[in-house]
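What follows is the content of coords-v3.pdb, which has PDB, N, CA and C atoms:
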MODEL        1
ATOM      1  N   MET A 198     113.147  16.602 -20.570
ATOM      2  CA  MET A 198     112.479  17.834 -20.182
ATOM      3  C   MET A 198     111.867  17.630 -18.804
ATOM      4  N   ASN A 199     112.086  18.597 -17.914
ATOM      5  CA  ASN A 199     111.581  18.533 -16.555
ATOM      6  C   ASN A 199     110.238  19.247 -16.486
ATOM      7  N   ILE A 200     109.179  18.496 -16.246
ATOM      8  CA  ILE A 200     107.840  19.075 -16.157
ATOM      9  C   ILE A 200     107.322  18.868 -14.747
ATOM     10  N   SER A 201     106.887  19.934 -14.133
ATOM     11  CA  SER A 201     106.363  19.863 -12.776
ATOM     12  C   SER A 201     105.007  19.169 -12.782
ATOM     13  N   ALA A 202     104.716  18.476 -11.705
ATOM     14  CA  ALA A 202     103.412  17.828 -11.563
ATOM     15  C   ALA A 202     102.317  18.861 -11.341
ATOM     16  N   SER A 203     102.693  20.052 -10.958
ATOM     17  CA  SER A 203     101.732  21.104 -10.665
ATOM     18  C   SER A 203     101.527  22.003 -11.884
ATOM     19  N   ASN A 204     100.291  22.387 -12.122
ATOM     20  CA  ASN A 204      99.995  23.349 -13.179
ATOM     21  C   ASN A 204      99.928  24.764 -12.625
ATOM     22  N   ASP A 205     100.132  24.905 -11.323
ATOM     23  CA  ASP A 205     100.088  26.217 -10.705
ATOM     24  C   ASP A 205     101.350  27.004 -11.066
ATOM     25  N   PRO A 206     101.225  28.331 -11.163
ATOM     26  CA  PRO A 206     102.413  29.146 -11.431
ATOM     27  C   PRO A 206     103.408  28.999 -10.287
ATOM     28  N   GLN A 207     104.697  29.052 -10.627
ATOM     29  CA  GLN A 207     105.735  28.819  -9.636
ATOM     30  C   GLN A 207     106.749  29.952  -9.611
ATOM     31  N   ALA A 208     107.025  30.427  -8.408
ATOM     32  CA  ALA A 208     108.049  31.459  -8.216
ATOM     33  C   ALA A 208     109.421  30.817  -8.284
ATOM     34  N   LEU A 209     110.343  31.553  -8.844
ATOM     35  CA  LEU A 209     111.727  31.115  -8.934
ATOM     36  C   LEU A 209     112.613  31.956  -8.019
ATOM     37  N   HIS A 210     112.318  33.264  -7.965
ATOM     38  CA  HIS A 210     113.176  34.202  -7.231
ATOM     39  C   HIS A 210     112.384  35.472  -6.932
ATOM     40  N   LEU A 211     112.709  36.134  -5.832
ATOM     41  CA  LEU A 211     112.130  37.433  -5.498
ATOM     42  C   LEU A 211     113.234  38.472  -5.417
ATOM     43  N   SER A 212     112.902  39.697  -5.792
ATOM     44  CA  SER A 212     113.809  40.824  -5.603
ATOM     45  C   SER A 212     112.989  41.973  -5.032
ATOM     46  N   PHE A 213     113.668  42.859  -4.303
ATOM     47  CA  PHE A 213     112.972  43.875  -3.532
ATOM     48  C   PHE A 213     113.468  45.262  -3.887
ATOM     49  N   GLY A 214     112.538  46.155  -4.185
ATOM     50  CA  GLY A 214     112.841  47.544  -4.475
ATOM     51  C   GLY A 214     112.333  48.442  -3.368
ATOM     52  N   GLU A 215     112.318  49.719  -3.645
ATOM     53  CA  GLU A 215     111.910  50.690  -2.630
ATOM     54  C   GLU A 215     110.409  50.649  -2.353
ATOM     55  N   HIS A 216     109.589  50.494  -3.409
ATOM     56  CA  HIS A 216     108.137  50.558  -3.256
ATOM     57  C   HIS A 216     107.413  49.265  -3.628
ATOM     58  N   ARG A 217     108.146  48.317  -4.189
ATOM     59  CA  ARG A 217     107.507  47.080  -4.641
ATOM     60  C   ARG A 217     108.512  45.948  -4.656
ATOM     61  N   PHE A 218     107.966  44.735  -4.757
ATOM     62  CA  PHE A 218     108.831  43.574  -4.905
ATOM     63  C   PHE A 218     108.448  42.847  -6.184
ATOM     64  N   ASP A 219     109.415  42.187  -6.776
ATOM     65  CA  ASP A 219     109.206  41.453  -8.013
ATOM     66  C   ASP A 219     109.284  39.964  -7.743
ATOM     67  N   VAL A 220     108.380  39.235  -8.372
ATOM     68  CA  VAL A 220     108.362  37.784  -8.279
ATOM     69  C   VAL A 220     108.645  37.244  -9.679
ATOM     70  N   GLU A 221     109.799  36.621  -9.838
ATOM     71  CA  GLU A 221     110.149  36.018 -11.119
ATOM     72  C   GLU A 221     109.580  34.605 -11.150
ATOM     73  N   LEU A 222     108.779  34.324 -12.170
ATOM     74  CA  LEU A 222     108.160  33.010 -12.299
ATOM     75  C   LEU A 222     109.012  32.093 -13.167
ATOM     76  N   ARG A 223     108.849  30.804 -12.974
ATOM     77  CA  ARG A 223     109.614  29.817 -13.748
ATOM     78  C   ARG A 223     109.368  29.934 -15.247
ATOM     79  N   ASP A 224     108.193  30.424 -15.640
ATOM     80  CA  ASP A 224     107.885  30.538 -17.072
ATOM     81  C   ASP A 224     108.415  31.834 -17.687
ATOM     82  N   GLY A 225     109.143  32.636 -16.891
ATOM     83  CA  GLY A 225     109.774  33.845 -17.408
ATOM     84  C   GLY A 225     109.029  35.139 -17.103
ATOM     85  N   ARG A 226     107.781  35.051 -16.674
ATOM     86  CA  ARG A 226     107.053  36.265 -16.327
ATOM     87  C   ARG A 226     107.595  36.843 -15.028
ATOM     88  N   ILE A 227     107.430  38.157 -14.878
ATOM     89  CA  ILE A 227     107.822  38.844 -13.647
ATOM     90  C   ILE A 227     106.627  39.651 -13.161
ATOM     91  N   LEU A 228     106.232  39.416 -11.935
ATOM     92  CA  LEU A 228     105.141  40.159 -11.302
ATOM     93  C   LEU A 228     105.754  41.244 -10.436
ATOM     94  N   SER A 229     105.253  42.455 -10.552
ATOM     95  CA  SER A 229     105.719  43.567  -9.729
ATOM     96  C   SER A 229     104.578  43.954  -8.796
ATOM     97  N   ILE A 230     104.797  43.778  -7.501
ATOM     98  CA  ILE A 230     103.741  43.920  -6.502
ATOM     99  C   ILE A 230     104.081  45.059  -5.538
ATOM    100  N   PRO A 231     103.206  46.064  -5.417
ATOM    101  CA  PRO A 231     103.473  47.137  -4.441
ATOM    102  C   PRO A 231     103.362  46.605  -3.007
ATOM    103  N   TYR A 232     104.256  47.077  -2.155
ATOM    104  CA  TYR A 232     104.215  46.659  -0.747
ATOM    105  C   TYR A 232     102.873  46.988  -0.103
ATOM    106  N   THR A 233     102.206  48.040  -0.566
ATOM    107  CA  THR A 233     100.925  48.412   0.032
ATOM    108  C   THR A 233      99.889  47.303  -0.107
ATOM    109  N   TRP A 234     100.086  46.365  -1.023
ATOM    110  CA  TRP A 234      99.169  45.227  -1.144
ATOM    111  C   TRP A 234      99.342  44.244   0.008
ATOM    112  N   PHE A 235     100.501  44.278   0.651
ATOM    113  CA  PHE A 235     100.810  43.371   1.761
ATOM    114  C   PHE A 235     101.470  44.189   2.867
ATOM    115  N   PRO A 236     100.658  44.851   3.691
ATOM    116  CA  PRO A 236     101.169  45.795   4.682
ATOM    117  C   PRO A 236     102.239  45.240   5.619
ATOM    118  N   ARG A 237     102.246  43.936   5.892
ATOM    119  CA  ARG A 237     103.283  43.382   6.768
ATOM    120  C   ARG A 237     104.681  43.533   6.166
ATOM    121  N   LEU A 238     104.761  43.721   4.847
ATOM    122  CA  LEU A 238     106.062  43.861   4.194
ATOM    123  C   LEU A 238     106.529  45.301   4.108
ATOM    124  N   MET A 239     105.665  46.240   4.459
ATOM    125  CA  MET A 239     106.022  47.662   4.370
ATOM    126  C   MET A 239     107.002  48.037   5.478
ATOM    127  N   GLY A 240     108.060  48.747   5.105
ATOM    128  CA  GLY A 240     109.014  49.242   6.084
ATOM    129  C   GLY A 240     109.899  48.178   6.701
ATOM    130  N   ILE A 241     109.925  47.009   6.115
ATOM    131  CA  ILE A 241     110.727  45.907   6.643
ATOM    132  C   ILE A 241     112.147  46.004   6.083
ATOM    133  N   SER A 242     113.123  45.642   6.872
ATOM    134  CA  SER A 242     114.520  45.710   6.437
ATOM    135  C   SER A 242     114.773  44.754   5.273
ATOM    136  N   ALA A 243     115.765  45.084   4.482
ATOM    137  CA  ALA A 243     116.153  44.221   3.360
ATOM    138  C   ALA A 243     116.547  42.838   3.861
ATOM    139  N   GLU A 244     117.184  42.786   5.007
ATOM    140  CA  GLU A 244     117.592  41.491   5.570
ATOM    141  C   GLU A 244     116.383  40.595   5.826
ATOM    142  N   LEU A 245     115.338  41.150   6.430
ATOM    143  CA  LEU A 245     114.134  40.357   6.700
ATOM    144  C   LEU A 245     113.383  40.016   5.415
ATOM    145  N   LEU A 246     113.297  40.963   4.489
ATOM    146  CA  LEU A 246     112.618  40.679   3.219
ATOM    147  C   LEU A 246     113.311  39.545   2.473
ATOM    148  N   ASN A 247     114.627  39.551   2.497
ATOM    149  CA  ASN A 247     115.378  38.526   1.773
ATOM    150  C   ASN A 247     115.402  37.180   2.477
ATOM    151  N   HIS A 248     114.880  37.125   3.698
ATOM    152  CA  HIS A 248     114.796  35.852   4.416
ATOM    153  C   HIS A 248     113.416  35.234   4.158
ATOM    154  N   TYR A 249     113.219  34.792   2.914
ATOM    155  CA  TYR A 249     111.967  34.157   2.517
ATOM    156  C   TYR A 249     112.241  32.723   2.081
ATOM    157  N   GLU A 250     111.183  31.939   2.055
ATOM    158  CA  GLU A 250     111.261  30.558   1.589
ATOM    159  C   GLU A 250     110.184  30.357   0.537
ATOM    160  N   LEU A 251     110.496  29.600  -0.497
ATOM    161  CA  LEU A 251     109.482  29.235  -1.482
ATOM    162  C   LEU A 251     108.755  28.003  -0.967
ATOM    163  N   SER A 252     107.440  28.056  -0.973
ATOM    164  CA  SER A 252     106.621  26.952  -0.483
ATOM    165  C   SER A 252     106.321  25.992  -1.628
ATOM    166  N   GLY A 253     106.241  24.713  -1.283
ATOM    167  CA  GLY A 253     105.951  23.715  -2.301
ATOM    168  C   GLY A 253     107.024  23.748  -3.375
ATOM    169  N   GLU A 254     106.608  23.801  -4.606
ATOM    170  CA  GLU A 254     107.534  23.897  -5.738
ATOM    171  C   GLU A 254     107.617  25.328  -6.245
ATOM    172  N   GLY A 255     107.308  26.284  -5.353
ATOM    173  CA  GLY A 255     107.316  27.696  -5.713
ATOM    174  C   GLY A 255     105.922  28.268  -5.851
ATOM    175  N   GLU A 256     104.913  27.510  -5.407
ATOM    176  CA  GLU A 256     103.532  27.989  -5.489
ATOM    177  C   GLU A 256     103.248  29.117  -4.505
ATOM    178  N   GLY A 257     104.103  29.251  -3.522
ATOM    179  CA  GLY A 257     103.907  30.296  -2.520
ATOM    180  C   GLY A 257     105.226  30.815  -1.995
ATOM    181  N   VAL A 258     105.134  31.911  -1.262
ATOM    182  CA  VAL A 258     106.301  32.522  -0.624
ATOM    183  C   VAL A 258     105.981  32.675   0.855
ATOM    184  N   HIS A 259     106.939  32.323   1.689
ATOM    185  CA  HIS A 259     106.756  32.398   3.136
ATOM    186  C   HIS A 259     107.918  33.157   3.752
ATOM    187  N   TRP A 260     107.591  34.110   4.621
ATOM    188  CA  TRP A 260     108.591  34.837   5.416
ATOM    189  C   TRP A 260     108.452  34.354   6.849
ATOM    190  N   PRO A 261     109.320  33.453   7.312
ATOM    191  CA  PRO A 261     109.168  32.885   8.656
ATOM    192  C   PRO A 261     109.263  33.916   9.776
ATOM    193  N   ASP A 262     110.081  34.941   9.596
ATOM    194  CA  ASP A 262     110.244  35.949  10.647
ATOM    195  C   ASP A 262     109.064  36.910  10.720
ATOM    196  N   LEU A 263     108.284  36.978   9.654
ATOM    197  CA  LEU A 263     107.172  37.933   9.583
ATOM    198  C   LEU A 263     105.805  37.261   9.670
ATOM    199  N   ASP A 264     105.778  35.945   9.666
ATOM    200  CA  ASP A 264     104.527  35.191   9.635
ATOM    201  C   ASP A 264     103.661  35.637   8.454
ATOM    202  N   GLU A 265     104.281  35.751   7.293
ATOM    203  CA  GLU A 265     103.589  36.188   6.077
ATOM    204  C   GLU A 265     103.715  35.101   5.021
ATOM    205  N   ASP A 266     102.583  34.787   4.395
ATOM    206  CA  ASP A 266     102.529  33.805   3.318
ATOM    207  C   ASP A 266     101.755  34.412   2.159
ATOM    208  N   ILE A 267     102.296  34.251   0.944
ATOM    209  CA  ILE A 267     101.642  34.791  -0.243
ATOM    210  C   ILE A 267     101.597  33.702  -1.307
ATOM    211  N   SER A 268     100.434  33.514  -1.887
ATOM    212  CA  SER A 268     100.228  32.549  -2.957
ATOM    213  C   SER A 268     100.515  33.200  -4.307
ATOM    214  N   VAL A 269     101.350  32.560  -5.121
ATOM    215  CA  VAL A 269     101.658  33.082  -6.450
ATOM    216  C   VAL A 269     100.396  33.092  -7.316
ATOM    217  N   LYS A 270      99.591  32.073  -7.197
ATOM    218  CA  LYS A 270      98.336  31.995  -7.957
ATOM    219  C   LYS A 270      97.424  33.180  -7.634
ATOM    220  N   GLU A 271      97.358  33.553  -6.360
ATOM    221  CA  GLU A 271      96.537  34.692  -5.950
ATOM    222  C   GLU A 271      97.109  36.011  -6.468
ATOM    223  N   LEU A 272      98.446  36.127  -6.505
ATOM    224  CA  LEU A 272      99.062  37.324  -7.072
ATOM    225  C   LEU A 272      98.678  37.469  -8.547
ATOM    226  N   LEU A 273      98.752  36.374  -9.273
ATOM    227  CA  LEU A 273      98.400  36.410 -10.695
ATOM    228  C   LEU A 273      96.930  36.770 -10.908
ATOM    229  N   ALA A 274      96.100  36.422  -9.957
ATOM    230  CA  ALA A 274      94.670  36.747 -10.045
ATOM    231  C   ALA A 274      94.400  38.195  -9.637
ATOM    232  N   GLY A 275      95.447  38.911  -9.188
ATOM    233  CA  GLY A 275      95.283  40.300  -8.797
ATOM    234  C   GLY A 275      94.775  40.483  -7.386
ATOM    235  N   HIS A 276      94.943  39.463  -6.554
ATOM    236  CA  HIS A 276      94.452  39.527  -5.174
ATOM    237  C   HIS A 276      95.540  40.015  -4.232
ATOM    238  N   CYS A 277      95.167  40.948  -3.383
ATOM    239  CA  CYS A 277      96.078  41.455  -2.361
ATOM    240  C   CYS A 277      95.783  40.737  -1.048
ATOM    241  N   ASP A 278      96.467  41.141  -0.001
ATOM    242  CA  ASP A 278      96.286  40.571   1.333
ATOM    243  C   ASP A 278      94.827  40.730   1.769
ATOM    244  N   GLN A 279      94.246  39.662   2.276
ATOM    245  CA  GLN A 279      92.859  39.707   2.744
ATOM    246  C   GLN A 279      92.739  39.436   4.241
ATOM    247  N   THR A 280      93.861  39.551   4.959
ATOM    248  CA  THR A 280      93.838  39.288   6.393
ATOM    249  C   THR A 280      93.227  40.461   7.154
ATOM    250  N   ASN A 281      92.838  40.203   8.388
ATOM    251  CA  ASN A 281      92.316  41.264   9.245
ATOM    252  C   ASN A 281      93.378  42.326   9.500
ATOM    253  N   PHE A 282      94.654  41.907   9.581
ATOM    254  CA  PHE A 282      95.748  42.859   9.760
ATOM    255  C   PHE A 282      95.754  43.879   8.627
ATOM    256  N   ALA A 283      95.665  43.406   7.380
ATOM    257  CA  ALA A 283      95.681  44.300   6.214
ATOM    258  C   ALA A 283      94.445  45.192   6.187
ATOM    259  N   LYS A 284      93.296  44.620   6.460
ATOM    260  CA  LYS A 284      92.057  45.411   6.432
ATOM    261  C   LYS A 284      92.099  46.527   7.475
ATOM    262  N   LYS A 285      92.646  46.212   8.656
ATOM    263  CA  LYS A 285      92.770  47.240   9.701
ATOM    264  C   LYS A 285      93.757  48.316   9.256
ATOM    265  N   TYR A 286      94.889  47.893   8.679
ATOM    266  CA  TYR A 286      95.884  48.861   8.208
ATOM    267  C   TYR A 286      95.267  49.803   7.176
ATOM    268  N   TRP A 287      94.554  49.251   6.195
ATOM    269  CA  TRP A 287      93.954  50.078   5.142
ATOM    270  C   TRP A 287      92.858  50.988   5.678
ATOM    271  N   SER A 288      92.138  50.543   6.717
ATOM    272  CA  SER A 288      91.113  51.417   7.289
ATOM    273  C   SER A 288      91.770  52.611   7.989
ATOM    274  N   GLU A 289      92.973  52.395   8.547
ATOM    275  CA  GLU A 289      93.710  53.472   9.215
ATOM    276  C   GLU A 289      94.536  54.307   8.239
ATOM    277  N   HIS A 290      94.857  53.737   7.069
ATOM    278  CA  HIS A 290      95.682  54.409   6.054
ATOM    279  C   HIS A 290      95.046  54.219   4.670
ATOM    280  N   PRO A 291      93.884  54.815   4.437
ATOM    281  CA  PRO A 291      93.179  54.575   3.166
ATOM    282  C   PRO A 291      93.985  54.995   1.940
ATOM    283  N   GLU A 292      94.939  55.895   2.120
ATOM    284  CA  GLU A 292      95.764  56.319   0.980
ATOM    285  C   GLU A 292      96.639  55.179   0.461
ATOM    286  N   HIS A 293      96.856  54.133   1.247
ATOM    287  CA  HIS A 293      97.658  52.983   0.827
ATOM    288  C   HIS A 293      96.812  51.806   0.363
ATOM    289  N   SER A 294      95.516  51.926   0.439
ATOM    290  CA  SER A 294      94.640  50.816   0.082
ATOM    291  C   SER A 294      94.719  50.505  -1.410
ATOM    292  N   PRO A 295      94.838  49.229  -1.772
ATOM    293  CA  PRO A 295      94.822  48.872  -3.192
ATOM    294  C   PRO A 295      93.448  49.115  -3.824
ATOM    295  N   PHE A 296      92.469  49.387  -2.996
ATOM    296  CA  PHE A 296      91.112  49.635  -3.492
ATOM    297  C   PHE A 296      90.844  51.122  -3.692
ATOM    298  N   ASN A 297      91.850  51.963  -3.402
ATOM    299  CA  ASN A 297      91.717  53.412  -3.549
ATOM    300  C   ASN A 297      91.979  53.781  -4.996
ATOM    301  N   ALA A 298      90.951  54.089  -5.739
ATOM    302  CA  ALA A 298      91.051  54.372  -7.176
ATOM    303  C   ALA A 298      91.839  55.639  -7.472
ATOM    304  N   THR A 299      92.003  56.521  -6.489
ATOM    305  CA  THR A 299      92.705  57.781  -6.744
ATOM    306  C   THR A 299      94.198  57.670  -6.496
ATOM    307  N   GLU A 300      94.649  56.520  -5.981
ATOM    308  CA  GLU A 300      96.078  56.358  -5.691
ATOM    309  C   GLU A 300      96.850  56.309  -6.996
ATOM    310  N   SER A 301      97.937  57.034  -7.050
ATOM    311  CA  SER A 301      98.757  57.036  -8.273
ATOM    312  C   SER A 301      99.542  55.748  -8.384
ATOM    313  N   ALA A 302      99.902  55.391  -9.585
ATOM    314  CA  ALA A 302     100.678  54.186  -9.841
ATOM    315  C   ALA A 302     102.159  54.531  -9.827
ATOM    316  N   ALA A 303     102.627  55.107  -8.744
ATOM    317  CA  ALA A 303     104.036  55.535  -8.624
ATOM    318  C   ALA A 303     104.983  54.370  -8.623
TER     319      ALA A 303
ENDMDL
END

Structure re-expressed in structure tokens:
Amino acid sequence: MNISASNDPQALHLSFGEHRFDVELRDGRILSIPYTWFPRLMGISAELLNHYELSGEGEGVHWPDLDEDISVKELLAGHCDQTNFAKKYWSEHPEHSPFNATESAA
């Protein structure tokens, strides 16, 4: 049996839809994340979205062309992007903010 030295959740594969991306974990769970949680991924071509790398043993996801890094552990904790880029985007587009309680779960 192959057991990872890490107890952190690990991504196995990502897939991309129109409004969200899915992160398939090694333990079989699938996380569905709206792009609005990570504004740098919004409106990006499928080619660029699919050019990602798994960091470590899958503890993170990195898009080298976009300078975007996402921690799987943080996704599981329900944390969205906390960069200044995201905060500025949400201040200019509050309808896309993950903190907007009136936003529909489309």

Please work out which residues fall within 6.5 Å of (109.7, 35.4, -7.8), coordinates as given in the file, with all atoms listed in the file counting, and return them as JSON, numbers by chain. {"A": [207, 208, 209, 210, 211, 212, 219, 220, 221, 222]}

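Contact shell of segment 289-296 of chain A at 6 Å (only N, CA and C atoms; same-chain neighbours under 2 positions omitted): Thr233, Trp234, Lys285, Tyr286, Trp287 and Ala298 of chain A.
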
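Picture a line from atom N of Leu245 of chain A to atom CA of Phe213 of chain A; it runs 10.6 Å.
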
Out of chain A, which residues get alpha helix (DSSP H) from DSSP, as a PyMOL selection string? chain A and resi 243-246+269-273+281-289

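Separating atom CA of Ser252 of chain A from atom C of Val269 of chain A is a distance of 11.1 Å.
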